[in-house]
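Asks: Structure in structure tokens, see below.
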Amino acid sequence: MSQLVHLTIDGYEVTAAEGTTVLDAALAAGIYIPHLCSHENLHPYGACRLCVVKQQGVEGVITSCTTPVQEGMVIDTHDEMAQKIRKLSCDFMFKTHPTECTGCPKYGKCQLQSISQYIGDTGRKLKANPISVAADTSNPIILHEMYRCILCGRCVRACQELRGVGVLKFATVKGRTQVVIDGNNLNSAGCRFCTACVEVCPTGSIREYEALAQKAIGKTREAALIPCKDGCPAHVDVPRYLRFVREGKYAAAAAVVREKAPLPESLGYICAHPCEGECKHQCLNSPVSIRNVKRFAAQHDDGAWKANSFQKPDTGKRVAIIGSGPAGLTAAYYLRKLGHSVTILEAQAQLGGMLRYGIPSHRLPREVLDREIAEILSVGIEVKTETRVENVAALMAEGYDAVLIAVGTHQGSKLPLANNDLPDVYTNTDFLRAAGKNEPLPVGNRVVVLGGGNVALDCATVARRLGAQDVHAACLERYDAMTCSDEERGWAEEEGVKIHPAKTFLSIEAENGKVTGLKIAGVKDFFFDAEGKSHIELEENSEEIIPADTIIFAVGQRPDLNEGFGVELGRGNRVTTATDGATSVAGVFAAGDAVTGTKTVIAAIAAARDVVCAMDKYLGGEGEIAEALAPVQEANPCIGRIENFGSAERLEPSILPADERVKGFIQMDFGFTAEQAVTEAERCLQCDLRLQLAPQRFWNDYPIHEAKGEQA
């Protein structure tokens, strides 16, 4: 154990561990000493000379970043000679650095600017000798404007000694020392794009492109640095479980996901993966296939996480959950773990909600769903199926202390087209629910689906599996603006579904009470007004009829609720709530699609977690459900060089050929092998490693900065 050393800095008594530098001891005590080349996570360098101080009894000045503390040491940070050296050092930096600050993207966040303010007017006595090098905009993610460089060496040292990558180095270019890339570009040099260089750069020399920087505005440091985690509604720690997979610790990776979501394997099949939309690897080529790695990890869950899972004593409080979709299951799970007695009330014969009755079994195998529901119920949840709740007041009268409405959006919508009431015209929810019950609605040989989202394509692919040979999907949006995922659209098209983008629906054609087709027209432009009413500009002479025997509306859905349910409802029959999920009735809360309208499974899970906290507080608890289920992970900052890392292509799972998968509802997506999962996890940029680096601080961040003494 290190011994403690006592010293005096600017008259303040300071205690520091033996081996600590004078600079670190001062900063830890809240006493600011200017420094630039020095950084908390890098080895002492002592080159910038800004941190020089006077040590009593020692001739001249010392560099505080390289001098260890000694017992009884007396330090003066405001020594006259030290101040002169700092001003001279600052002069040398501004000799090459642009003098205009206000045009710099790092204005107000630049450590050199801050130090210049602290030191005061240096006089700028040295003749300017700017670095003549053009900005390097050729690299993805990272922008180099090395004419702003002050040769502090932080980026080079971070890349070499901290990350073990070494793509940045000092070199003599046209007789001048500069920081350069050790290769033609960052990718060919083996850069891992971890952006440690960006984090430590004190000026605007190395930074992320403005488009990336703009996304970070208004966010916490963690949210800004780990966009995949921030983009996940449940904030699953993506880099952490990818790292566990890379290390071969698959069960630990699954435990990380379980810390935020009790349905990890189901999510591995059907999650809309908004995390991938935020993944910075797409700036190189394509995002990491996060969902498929998650699924692989969940398939190797060994249950060891249960030893770390909490279960609080019974509280005596009774809670009813109306609905058993992802929101209802999640809420039931955590409320029971908090000690409350929980009863799920489900209108259908089986649990799962939209997971079972909205997502086809060829995309989400029912054995997977059943297994995960059984795990949730194992904590001691009562279930009442085929039980429809008509009024929440009547339910509360049964002795429940709180109720959660999590009914989902099971009521489909039809557009007001003529003949929309014919027997061969269905809504998406009725059609998919029937298929989920293994009681499919009949379809003709020719099917047209109205809509361009994932639900519409689910309807189309189910119709193909039910025997329809000619299946079409038409939507208002342009092809590149369709709300479905590219993945699901690609699968549908492989199966023969014909997409008709930028079309509006004019009428359902019929003869003798039978559907014969759908009349559509091209859309030049459209928008929705504040009341949700569409305004469409048609293309001239663009009308056409798509022959059809069956029409399926997939243009929206809503909760199957009415005013008699007993809570305030808003637009689209959605439950009106406060920010904490509380409804207009005391003790009644709502979460998921019942509140927001149709969103994603992971969004419903996240909403349920939030409302559980509010409900627990209402019931007298602390509202805390955080769990550390996975083992502690020591992320190695030394990630090493990988040649052509940025060019590594995204891996895709094995998919059953289209001509085979349309024959029935068998599983179509076989996921990753171990080799694929590890290889794909290796593509992660490990953005979270930046959190290991000390954030940049300025003189006014320290309580005892005494700026006036420096400017005297």
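The chains in the structure tokens are called A, B, ... from first to last as shown; in each chain the residues are counted from 1, and the ligands are counted from 1 in the order shown.
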Write down as a list in words the residues of stretch 380-412 of chain A whose backbone DSSP state falls under helix (DSSP H, G or I).

Replies: Val392, Ala393, Ala394, Leu395 and Met396 of chain A

Asks: Which neighbours of A:Phe670 fall inside 7 Å, counting only C-alpha atoms, when residues of the same chain fewer than 4 positions from it are skipped, and could you give them as a list in words?

Replies: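 The residues satisfying every condition are Pro653, Ser654 and Ile655 of chain A.
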
Asks: Would you mind exporting N, CA and C atoms of the selected residues as a short mmCIF file (atom, residue, chain, number, x, y, z; two decimals), in the first residue's frame?

Replies:
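File produced: part16.cif:
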```
data_model
loop_
_atom_site.label_atom_id
_atom_site.label_comp_id
_atom_site.auth_asym_id
_atom_site.auth_seq_id
_atom_site.Cartn_x
_atom_site.Cartn_y
_atom_site.Cartn_z
N PRO A 653 -26.64 -13.55 -41.30
CA PRO A 653 -26.95 -14.92 -40.88
C PRO A 653 -27.39 -15.79 -42.04
N SER A 654 -27.42 -17.06 -41.79
CA SER A 654 -27.90 -18.01 -42.79
C SER A 654 -29.42 -17.95 -42.85
N ILE A 655 -29.96 -17.75 -44.06
CA ILE A 655 -31.40 -17.62 -44.25
C ILE A 655 -31.88 -18.74 -45.18
#
```

Asks: Among stretch 168-211 of chain A, which ones does DSSP place in strand (DSSP E), written as number ranges by chain?

Replies: A: 168-173, 176-181, 206-208

Asks: Emit the selected residues as a PDB file, in the first residue's frame, including N, CA and C atoms.

Replies:
```pdb
ATOM      1  N   LEU A 168      -0.744   6.849 -35.632  1.00  0.00           N
ATOM      2  CA  LEU A 168      -0.283   8.233 -35.647  1.00  0.00           C
ATOM      3  C   LEU A 168       1.161   8.274 -35.169  1.00  0.00           C
ATOM      4  N   LYS A 169       1.935   9.156 -35.747  1.00  0.00           N
ATOM      5  CA  LYS A 169       3.340   9.272 -35.366  1.00  0.00           C
ATOM      6  C   LYS A 169       3.839  10.677 -35.673  1.00  0.00           C
ATOM      7  N   PHE A 170       4.995  11.011 -35.082  1.00  0.00           N
ATOM      8  CA  PHE A 170       5.678  12.253 -35.434  1.00  0.00           C
ATOM      9  C   PHE A 170       6.565  11.980 -36.641  1.00  0.00           C
ATOM     10  N   ALA A 171       6.622  12.938 -37.553  1.00  0.00           N
ATOM     11  CA  ALA A 171       7.496  12.817 -38.718  1.00  0.00           C
ATOM     12  C   ALA A 171       7.931  14.202 -39.142  1.00  0.00           C
ATOM     13  N   THR A 172       9.071  14.257 -39.798  1.00  0.00           N
ATOM     14  CA  THR A 172       9.561  15.522 -40.334  1.00  0.00           C
ATOM     15  C   THR A 172       9.059  15.683 -41.755  1.00  0.00           C
ATOM     16  N   VAL A 173       8.258  16.705 -41.984  1.00  0.00           N
ATOM     17  CA  VAL A 173       7.685  16.975 -43.292  1.00  0.00           C
ATOM     18  C   VAL A 173       8.135  18.362 -43.734  1.00  0.00           C
ATOM     19  N   ARG A 176       9.817  20.248 -41.011  1.00  0.00           N
ATOM     20  CA  ARG A 176       9.074  20.577 -39.801  1.00  0.00           C
ATOM     21  C   ARG A 176       8.475  19.316 -39.192  1.00  0.00           C
ATOM     22  N   THR A 177       8.473  19.260 -37.883  1.00  0.00           N
ATOM     23  CA  THR A 177       7.866  18.134 -37.178  1.00  0.00           C
ATOM     24  C   THR A 177       6.350  18.257 -37.226  1.00  0.00           C
ATOM     25  N   GLN A 178       5.720  17.161 -37.621  1.00  0.00           N
ATOM     26  CA  GLN A 178       4.268  17.141 -37.704  1.00  0.00           C
ATOM     27  C   GLN A 178       3.747  15.795 -37.230  1.00  0.00           C
ATOM     28  N   VAL A 179       2.467  15.764 -36.856  1.00  0.00           N
ATOM     29  CA  VAL A 179       1.785  14.502 -36.581  1.00  0.00           C
ATOM     30  C   VAL A 179       1.179  14.021 -37.893  1.00  0.00           C
ATOM     31  N   VAL A 180       1.513  12.782 -38.270  1.00  0.00           N
ATOM     32  CA  VAL A 180       1.041  12.239 -39.542  1.00  0.00           C
ATOM     33  C   VAL A 180       0.486  10.836 -39.326  1.00  0.00           C
ATOM     34  N   ILE A 181      -0.206  10.343 -40.339  1.00  0.00           N
ATOM     35  CA  ILE A 181      -0.723   8.970 -40.327  1.00  0.00           C
ATOM     36  C   ILE A 181       0.373   8.040 -40.834  1.00  0.00           C
ATOM     37  N   ILE A 206      -7.767  17.330 -34.238  1.00  0.00           N
ATOM     38  CA  ILE A 206      -8.346  16.022 -34.547  1.00  0.00           C
ATOM     39  C   ILE A 206      -9.712  15.966 -33.877  1.00  0.00           C
ATOM     40  N   ARG A 207     -10.724  15.768 -34.655  1.00  0.00           N
ATOM     41  CA  ARG A 207     -12.073  15.739 -34.093  1.00  0.00           C
ATOM     42  C   ARG A 207     -12.984  14.914 -34.989  1.00  0.00           C
ATOM     43  N   GLU A 208     -14.163  14.609 -34.476  1.00  0.00           N
ATOM     44  CA  GLU A 208     -15.147  13.899 -35.278  1.00  0.00           C
ATOM     45  C   GLU A 208     -15.810  14.878 -36.245  1.00  0.00           C
TER      46      GLU A 208
END
```

Asks: For A:Ala603, which of A:Ala234, A:Val14, A:Val447, A:Ala253 is the closest residue, counting only C-alpha atoms?

Replies: A:Ala234

Asks: Write out as a ChimeraX atom specification which residues come within 12 Å of A:Pro360 when counting only C-alpha atoms, dropping same-chain ones fewer than 5 positions away.

Replies: /A:269-270,354-355,365-366,369,428-429,431-438,440,454-463,465-466,664-668

Asks: Interatomic distance between atom CA of A:Ala590 and atom CA of A:Asp370?

Replies: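 Separation of atom CA of A:Ala590 and atom CA of A:Asp370: 24.4 Å.
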
Asks: Write out as a PyMOL selection string each polymer residue whose atoms come within 9 Å of stretch 255-267 of chain A, counting only C-alpha atoms; drop sequence neighbours fewer than 3 positions from it.

Replies: chain A and resi 234-238+240-241+250-252+270-273+291+294-299+301+303-306+309+326+329-330+333+355+364-365+368-369+372-373+375-376+601-602+605-606+609+626-631

Asks: Dump N, CA and C atoms for the selected residues as a compact mmCIF listing (two decimals), in the first residue's frame?

Replies:
```txt
# COMPACT_ATOMS: atom_id res chain seq x y z
N ALA A 234 -34.12 0.84 -24.35
CA ALA A 234 -33.87 0.28 -23.02
C ALA A 234 -32.43 0.52 -22.56
N HIS A 235 -31.62 1.13 -23.41
CA HIS A 235 -30.22 1.44 -23.10
C HIS A 235 -29.42 0.20 -22.70
N VAL A 236 -29.62 -0.87 -23.46
CA VAL A 236 -28.81 -2.08 -23.27
C VAL A 236 -27.36 -1.73 -23.58
N ASP A 237 -26.44 -2.22 -22.76
CA ASP A 237 -25.03 -1.88 -22.90
C ASP A 237 -24.41 -2.71 -24.03
N VAL A 238 -24.60 -2.24 -25.24
CA VAL A 238 -24.19 -2.98 -26.44
C VAL A 238 -22.68 -3.27 -26.47
N ARG A 240 -20.56 -3.62 -24.21
CA ARG A 240 -20.15 -4.57 -23.16
C ARG A 240 -20.49 -6.00 -23.56
N TYR A 241 -21.69 -6.23 -24.10
CA TYR A 241 -22.00 -7.62 -24.44
C TYR A 241 -21.30 -8.05 -25.73
N TYR A 250 -20.17 -16.09 -23.77
CA TYR A 250 -21.49 -15.88 -24.36
C TYR A 250 -22.58 -15.71 -23.31
N ALA A 251 -22.53 -16.53 -22.26
CA ALA A 251 -23.56 -16.42 -21.22
C ALA A 251 -23.47 -15.08 -20.50
N ALA A 252 -22.26 -14.58 -20.31
CA ALA A 252 -22.09 -13.26 -19.69
C ALA A 252 -22.70 -12.18 -20.57
N ILE A 270 -36.39 -10.52 -33.59
CA ILE A 270 -37.32 -9.55 -34.21
C ILE A 270 -37.10 -8.09 -33.82
N CYS A 271 -36.07 -7.80 -33.01
CA CYS A 271 -35.86 -6.42 -32.61
C CYS A 271 -35.63 -5.53 -33.83
N ALA A 272 -36.20 -4.36 -33.81
CA ALA A 272 -36.01 -3.40 -34.91
C ALA A 272 -34.61 -2.80 -34.89
N HIS A 273 -33.82 -3.15 -33.94
CA HIS A 273 -32.42 -2.75 -33.73
C HIS A 273 -32.11 -1.28 -34.07
N ARG A 291 -28.05 -7.08 -33.47
CA ARG A 291 -29.17 -7.95 -33.10
C ARG A 291 -28.79 -9.43 -33.23
N LYS A 294 -26.60 -10.47 -30.44
CA LYS A 294 -27.43 -10.59 -29.24
C LYS A 294 -28.15 -11.93 -29.22
N ARG A 295 -28.70 -12.31 -30.35
CA ARG A 295 -29.43 -13.57 -30.42
C ARG A 295 -28.50 -14.75 -30.14
N PHE A 296 -27.32 -14.73 -30.71
CA PHE A 296 -26.36 -15.81 -30.46
C PHE A 296 -26.05 -15.91 -28.98
N ALA A 297 -25.82 -14.77 -28.35
CA ALA A 297 -25.51 -14.77 -26.92
C ALA A 297 -26.68 -15.34 -26.13
N ALA A 298 -27.91 -14.92 -26.45
CA ALA A 298 -29.08 -15.39 -25.71
C ALA A 298 -29.27 -16.89 -25.86
N GLN A 299 -28.89 -17.42 -27.01
CA GLN A 299 -29.02 -18.86 -27.23
C GLN A 299 -28.02 -19.66 -26.39
N ASP A 301 -27.32 -18.75 -23.15
CA ASP A 301 -27.58 -18.35 -21.76
C ASP A 301 -27.55 -19.59 -20.87
N GLY A 303 -28.03 -19.39 -17.48
CA GLY A 303 -28.81 -19.15 -16.27
C GLY A 303 -28.00 -18.70 -15.07
N ALA A 304 -26.68 -18.55 -15.23
CA ALA A 304 -25.85 -18.15 -14.09
C ALA A 304 -26.24 -16.77 -13.56
N TRP A 305 -26.86 -15.96 -14.40
CA TRP A 305 -27.26 -14.61 -13.99
C TRP A 305 -28.27 -14.62 -12.85
N LYS A 306 -28.99 -15.73 -12.71
CA LYS A 306 -30.04 -15.80 -11.68
C LYS A 306 -29.47 -15.62 -10.27
N SER A 309 -29.68 -11.99 -9.50
CA SER A 309 -30.97 -11.32 -9.68
C SER A 309 -31.65 -11.11 -8.33
N PRO A 326 -45.06 -7.53 -24.82
CA PRO A 326 -43.74 -7.22 -24.25
C PRO A 326 -43.79 -6.24 -23.08
N LEU A 329 -45.54 -8.24 -20.01
CA LEU A 329 -44.66 -9.27 -19.46
C LEU A 329 -43.50 -8.64 -18.70
N THR A 330 -42.93 -7.61 -19.27
CA THR A 330 -41.80 -6.94 -18.61
C THR A 330 -42.23 -6.34 -17.28
N TYR A 333 -42.92 -9.01 -14.64
CA TYR A 333 -41.67 -9.60 -14.16
C TYR A 333 -41.03 -8.73 -13.07
N LEU A 355 -46.31 -10.22 -29.72
CA LEU A 355 -45.22 -11.15 -30.00
C LEU A 355 -45.77 -12.45 -30.58
N LEU A 364 -40.50 -15.40 -35.61
CA LEU A 364 -40.25 -15.63 -34.20
C LEU A 364 -40.79 -17.01 -33.83
N PRO A 365 -39.91 -18.01 -33.75
CA PRO A 365 -40.36 -19.36 -33.41
C PRO A 365 -41.09 -19.37 -32.08
N VAL A 368 -39.32 -20.44 -28.83
CA VAL A 368 -38.46 -19.41 -28.22
C VAL A 368 -39.30 -18.51 -27.33
N LEU A 369 -40.42 -18.04 -27.86
CA LEU A 369 -41.31 -17.17 -27.10
C LEU A 369 -41.83 -17.88 -25.86
N GLU A 372 -39.19 -18.12 -23.10
CA GLU A 372 -38.90 -16.86 -22.40
C GLU A 372 -40.07 -16.42 -21.53
N ILE A 373 -41.28 -16.69 -21.96
CA ILE A 373 -42.44 -16.38 -21.11
C ILE A 373 -42.41 -17.25 -19.86
N GLU A 375 -39.84 -18.38 -18.33
CA GLU A 375 -38.81 -17.83 -17.44
C GLU A 375 -39.35 -16.64 -16.67
N ILE A 376 -40.11 -15.79 -17.34
CA ILE A 376 -40.71 -14.63 -16.68
C ILE A 376 -41.71 -15.07 -15.62
N VAL A 601 -40.86 -3.55 -30.13
CA VAL A 601 -40.86 -4.39 -28.93
C VAL A 601 -39.92 -3.82 -27.88
N ILE A 602 -38.74 -3.40 -28.30
CA ILE A 602 -37.77 -2.88 -27.32
C ILE A 602 -38.27 -1.57 -26.73
N ILE A 605 -40.71 -2.55 -24.01
CA ILE A 605 -39.98 -3.04 -22.84
C ILE A 605 -39.42 -1.87 -22.04
N ALA A 606 -38.83 -0.91 -22.73
CA ALA A 606 -38.26 0.27 -22.06
C ALA A 606 -39.34 1.06 -21.33
N ARG A 609 -40.37 -0.72 -18.13
CA ARG A 609 -39.39 -0.55 -17.06
C ARG A 609 -39.60 0.80 -16.35
N ALA A 626 -32.71 -1.63 -11.12
CA ALA A 626 -31.41 -1.89 -11.75
C ALA A 626 -30.81 -3.17 -11.20
N GLU A 627 -30.20 -3.96 -12.08
CA GLU A 627 -29.55 -5.20 -11.69
C GLU A 627 -28.19 -5.31 -12.37
N ALA A 628 -27.23 -5.87 -11.68
CA ALA A 628 -25.92 -6.20 -12.25
C ALA A 628 -25.85 -7.71 -12.37
N LEU A 629 -26.37 -8.23 -13.46
CA LEU A 629 -26.47 -9.68 -13.63
C LEU A 629 -25.20 -10.30 -14.20
N ALA A 630 -24.46 -9.53 -14.98
CA ALA A 630 -23.26 -10.04 -15.64
C ALA A 630 -22.05 -9.85 -14.75
N PRO A 631 -21.01 -10.68 -14.92
CA PRO A 631 -19.79 -10.47 -14.15
C PRO A 631 -19.13 -9.15 -14.51
```

Asks: Using only C-alpha atoms, pick whichever of A:Ser378, A:Thr15, A:Ser534, A:Gln411 has the shortest atom-to-atom distance to A:Asp593.

Replies: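 Checking each of A:Ser378, A:Thr15, A:Ser534, A:Gln411 against A:Asp593, counting only C-alpha atoms, the winner is A:Gln411.
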
Asks: Which neighbours of A:Arg221 fall inside 12 Å, counting only C-alpha atoms, when residues of the same chain fewer than 2 positions from it are skipped, and could you give them as a PyMOL selection string?

Replies: chain A and resi 199+213+215-219+223-227+230+687-688+690-696

Asks: Set out as a tab-separated table a contact list for stretch 533-588 of chain A and stretch 473-477 of chain A with a cut-off of 12 Å, giving each residue of stretch 533-588 of chain A that qualifies its closest atom pair and distance in Å to one decimal, counting only C-alpha atoms, ordered by chain and rising residue number.

Replies:
```
residue	atom	partner	partner_atom	distance
A:Ser534	CA	A:Leu476	CA	10.1
A:His535	CA	A:Leu476	CA	11.0
A:Ile536	CA	A:Leu476	CA	9.0
A:Glu537	CA	A:Leu476	CA	10.9
A:Leu538	CA	A:Leu476	CA	10.8
A:Ile545	CA	A:Ala474	CA	11.6
A:Ile546	CA	A:Ala474	CA	9.7
A:Ala548	CA	A:Ala473	CA	11.4
A:Thr550	CA	A:Ala473	CA	12.0
A:Ile551	CA	A:Ala473	CA	10.0
A:Ile552	CA	A:Ala473	CA	9.3
A:Phe553	CA	A:Ala473	CA	10.0
A:Ala554	CA	A:Ala473	CA	9.5
A:Val555	CA	A:Cys475	CA	8.7
```

Asks: Which residue, A:Pro703, A:Pro547, A:Gly587, A:Gly248, has the smallest gap to A:Lys519 when you use only C-alpha atoms?

Replies: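 Looking at the shortest contact to A:Lys519, the residue is A:Pro547.
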
Asks: Have a look at A:Val662, A:Ile75, A:Leu36, A:Cys613 and name the one nearest to A:Asp10; count only C-alpha atoms.

Replies: A:Ile75

Asks: Could you name the residues that touch A:Leu422 at 8 Å or less, counting only C-alpha atoms, but leaving out those on the same chain fewer than 3 positions away, as a list in words?

Replies: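 Here the qualifying residues turn out to be Asn419, Val425, Gly513, Lys514 and Val515 of chain A.
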
Asks: What does the distance between atom CA of A:Gln469 and atom CA of A:Asp486 come to in Å, to one decimal place?

Replies: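 These two atoms are separated by 22.5 Å.
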
Asks: My list of candidates is A:Gly592, A:Pro68, A:Gly452, A:Pro442. Which is closest to A:Asp424 when distances are computed with only C-alpha atoms?

Replies: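 The shortest atom-to-atom distance to A:Asp424 comes from A:Pro442.
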